[in-house]
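K.L.:
Take a look at the following structure, please.
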Number of protein chains: 2
Amino acid sequence: MPEQLVFRAIADPTRRSIMAMLANGEHSLGDIASNYEMTRPAVTKHLKILEQGGLVKVRTQGRERLHTLQPEALRSVAEWISFFSQFWDEKLDNLKRAVEADDE
Amino acid sequence: MPEQLVFRAIADPTRRSIMAMLANGEHSLGDIASNYEMTRPAVTKHLKILEQGGLVKVRTQGRERLHTLQPEALRSVAEWISFFSQFWDEKLDNLKRAVEADDE
DNA sequence: TTGACATGAAACCAAAAGGTTTCTTATAAA
DNA sequence: TTTATAAGAAACCTTTTGGTTTCATGTCAA
């Protein structure tokens, strides 16, 4: 799972919005699409990109496809940011330690 | 400075690489460009997008343009991630608190 | 002041991104 | 067993992105 796919996935505002929605729990495609102006196929494409980034997992139930958030995929981004956090504020070294501690 | 411009800026691997380079200090355009296969105009465009995201600041000295990293611009991304970190691991609530504490 | 150097600017191009419409397939329900 | 519903798939379109080449400009140094 190349890190680049995560950065790509979170670059789009619609996809970040979908992530926020999925933070509340599992949702079907139609359920998600009803929250946006665009058509369902467009939302499908966004969900596929989120999947490729490892941020969303899908399971099929009957004729529905249920999507769940996989927020752990954001950890690589958090680690990348933590490298720079040391330059912006020493206090935020907490962030770096927190992330690293979690790798054990 | 819309948050979207930061997400856009960090989405490209070349730009993230430039950020890493600038973490070591100020660099001129030619200096930066000499590290990449692409032409200088291409690097110029990347630097402009980094500027728009607030991640790089430029000053002119003689005929050179010196670029410095502004890592604080990453804070909005860190805040966004911190919202999701609660879902992936309670221990990483440290991250959220660290970021919020820094807003005071 | 003439030449070399560091950069900016503009025109252009191919590929990727974000969207649409149309058609098909699979499941559920009448 | 029809009919309605949920979704996948493919073809297509426009705009953005990441890159190029070419030319112009400003500054430093012989």
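All residue names refer to the structure tokens as shown: chains lettered A, B, ... in order, residues numbered from 1 in each chain, ligands numbered from 1 in order.
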Define the interface residues of chain A facing chain C as those within 7 Å, counting only C-alpha atoms (C1' of nucleotides), and report them as a list in words.

P.N.:
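Interface list for chain A against chain C: Ala42, Gly62 and Arg63 of chain A.
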
K.L.:
What residues in chain A have any atom no more than 6 Å from chain B when counting only C-alpha atoms, and can you write them as a list in words?

P.N.:
Phe7, Arg8, Ala11, Pro71, Glu72, Trp88 and Leu95 of chain A

K.L.:
With C-alpha atoms kept, could you save the residues just selected as a PDB file, in the first residue's frame?

P.N.:
```pdb
ATOM      1  CA  PHE A   7      -2.022  11.368   0.192  1.00  0.00           C
ATOM      2  CA  ARG A   8      -3.894  11.175  -3.055  1.00  0.00           C
ATOM      3  CA  ALA A  11      -6.419  15.469  -1.300  1.00  0.00           C
ATOM      4  CA  PRO A  71      -8.690   5.453   9.966  1.00  0.00           C
ATOM      5  CA  GLU A  72      -5.437   3.662  10.809  1.00  0.00           C
ATOM      6  CA  TRP A  88       7.252  24.282  14.027  1.00  0.00           C
ATOM      7  CA  LEU A  95       2.945  14.153  18.591  1.00  0.00           C
TER       8      LEU A  95
END
```

K.L.:
Can you check which parts of chain D lie within 12 Å of chain A? Per residue, the shortest pair of atoms and distance in Å to one decimal, counting only C-alpha atoms (C1' of nucleotides), sorted by chain and number, as CSV.

P.N.:
```
residue,atom,partner,partner_atom,distance
D:DT5,C1',A:Arg63,CA,8.7
D:DA6,C1',A:Arg63,CA,5.6
D:DA7,C1',A:Glu64,CA,7.2
D:DG8,C1',A:Pro41,CA,8.9
D:DA9,C1',A:Pro41,CA,9.8
D:DA10,C1',A:Pro41,CA,11.5
```

K.L.:
In terms of the shortest atom-to-atom distance over only C-alpha atoms, which of A:Tyr36, A:His67, A:Gln61, A:Asp31 is closest to Lys48 of chain A?

P.N.:
A:His67

K.L.:
What is the atom C1' of DT21 of chain D-atom CA of Leu47 of chain B distance in Å, reported with one decimal?

P.N.:
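A separation of 19.8 Å between them.
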
K.L.:
Report, in Å with one decimal, the straight-line distance from atom CA of Arg59 of chain A to atom CA of Glu26 of chain A.

P.N.:
9.8 Å

K.L.:
Could you pull out the helix (DSSP H, G or I) residues of chain B, going by DSSP on the backbone, and write them as number ranges by chain?

P.N.:
B: 3-10, 13-22, 29-33, 40-52, 71-88, 90-101

K.L.:
I'd like the contact shell of Met21 of chain B - 8 Å cut-off, only C-alpha atoms (C1' of nucleotides), skipping same-chain residues fewer than 4 positions apart - returned as an MDAnalysis selection string.

P.N.:
chainID B and resid 17 25 32

K.L.:
With N, CA and C atoms retained, export the selected residues as a tab-separated table (two decimals), in the first residue's frame.

P.N.:
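Result went into part17.tsv, see below:
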```tsv
chain	number	residue	atom	x	y	z
B	17	SER	N	9.00	15.92	-1.32
B	17	SER	CA	10.45	15.79	-1.34
B	17	SER	C	11.13	17.15	-1.20
B	25	GLY	N	17.13	23.89	5.57
B	25	GLY	CA	17.44	25.32	5.47
B	25	GLY	C	17.08	25.91	4.12
B	32	ILE	N	17.53	23.83	-5.70
B	32	ILE	CA	16.49	22.81	-5.55
B	32	ILE	C	16.37	22.01	-6.85
```

K.L.:
Provide the atom CA of Thr68 of chain B to atom CA of Ser34 of chain B distance in Å, to one decimal place.

P.N.:
16.7 Å

K.L.:
Using backbone DSSP assignments, extract all strand (DSSP E) residues from chain A; output them as a list in words.

P.N.:
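Result set for chain A (strand (DSSP E)): His27, Ser28, Val56, Lys57, Val58, Arg59, Thr60, Gln61, Glu64, Arg65, Leu66, His67, Thr68 and Leu69 of chain A.
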
K.L.:
Hey, can you spit out that residue selection with N, CA and C atoms as a PDB file, in the first residue's frame?

P.N.:
```pdb
ATOM      1  N   HIS A  27     -21.930   2.719   6.105  1.00  0.00           N
ATOM      2  CA  HIS A  27     -22.966   3.273   5.240  1.00  0.00           C
ATOM      3  C   HIS A  27     -22.928   2.636   3.863  1.00  0.00           C
ATOM      4  N   SER A  28     -24.093   2.481   3.277  1.00  0.00           N
ATOM      5  CA  SER A  28     -24.175   1.962   1.904  1.00  0.00           C
ATOM      6  C   SER A  28     -23.843   3.066   0.914  1.00  0.00           C
ATOM      7  N   VAL A  56     -10.894   3.019   3.467  1.00  0.00           N
ATOM      8  CA  VAL A  56     -12.263   2.505   3.528  1.00  0.00           C
ATOM      9  C   VAL A  56     -12.248   1.023   3.172  1.00  0.00           C
ATOM     10  N   LYS A  57     -13.077   0.265   3.877  1.00  0.00           N
ATOM     11  CA  LYS A  57     -13.226  -1.153   3.565  1.00  0.00           C
ATOM     12  C   LYS A  57     -14.686  -1.409   3.205  1.00  0.00           C
ATOM     13  N   VAL A  58     -14.904  -2.339   2.285  1.00  0.00           N
ATOM     14  CA  VAL A  58     -16.260  -2.593   1.811  1.00  0.00           C
ATOM     15  C   VAL A  58     -16.632  -4.037   2.066  1.00  0.00           C
ATOM     16  N   ARG A  59     -17.901  -4.250   2.416  1.00  0.00           N
ATOM     17  CA  ARG A  59     -18.418  -5.613   2.448  1.00  0.00           C
ATOM     18  C   ARG A  59     -19.791  -5.604   1.797  1.00  0.00           C
ATOM     19  N   THR A  60     -20.102  -6.718   1.153  1.00  0.00           N
ATOM     20  CA  THR A  60     -21.374  -6.808   0.445  1.00  0.00           C
ATOM     21  C   THR A  60     -22.400  -7.493   1.336  1.00  0.00           C
ATOM     22  N   GLN A  61     -23.588  -6.905   1.416  1.00  0.00           N
ATOM     23  CA  GLN A  61     -24.678  -7.522   2.157  1.00  0.00           C
ATOM     24  C   GLN A  61     -25.917  -7.431   1.268  1.00  0.00           C
ATOM     25  N   GLU A  64     -26.632  -4.552  -1.250  1.00  0.00           N
ATOM     26  CA  GLU A  64     -25.970  -3.326  -0.805  1.00  0.00           C
ATOM     27  C   GLU A  64     -24.479  -3.546  -0.585  1.00  0.00           C
ATOM     28  N   ARG A  65     -23.744  -2.471  -0.719  1.00  0.00           N
ATOM     29  CA  ARG A  65     -22.321  -2.512  -0.386  1.00  0.00           C
ATOM     30  C   ARG A  65     -22.095  -1.556   0.781  1.00  0.00           C
ATOM     31  N   LEU A  66     -21.628  -2.123   1.877  1.00  0.00           N
ATOM     32  CA  LEU A  66     -21.475  -1.320   3.089  1.00  0.00           C
ATOM     33  C   LEU A  66     -20.025  -0.919   3.272  1.00  0.00           C
ATOM     34  N   HIS A  67     -19.838   0.376   3.515  1.00  0.00           N
ATOM     35  CA  HIS A  67     -18.484   0.951   3.611  1.00  0.00           C
ATOM     36  C   HIS A  67     -18.168   1.344   5.043  1.00  0.00           C
ATOM     37  N   THR A  68     -16.983   0.954   5.481  1.00  0.00           N
ATOM     38  CA  THR A  68     -16.540   1.359   6.814  1.00  0.00           C
ATOM     39  C   THR A  68     -15.199   2.078   6.720  1.00  0.00           C
ATOM     40  N   LEU A  69     -15.006   3.004   7.651  1.00  0.00           N
ATOM     41  CA  LEU A  69     -13.771   3.778   7.693  1.00  0.00           C
ATOM     42  C   LEU A  69     -12.638   2.948   8.295  1.00  0.00           C
TER      43      LEU A  69
END
```

K.L.:
Find the residue from A:Asn35, A:Met1, A:Asn24, A:Arg15 that sits nearest to Leu50 of chain A; use only C-alpha atoms when measuring.

P.N.:
A:Arg15
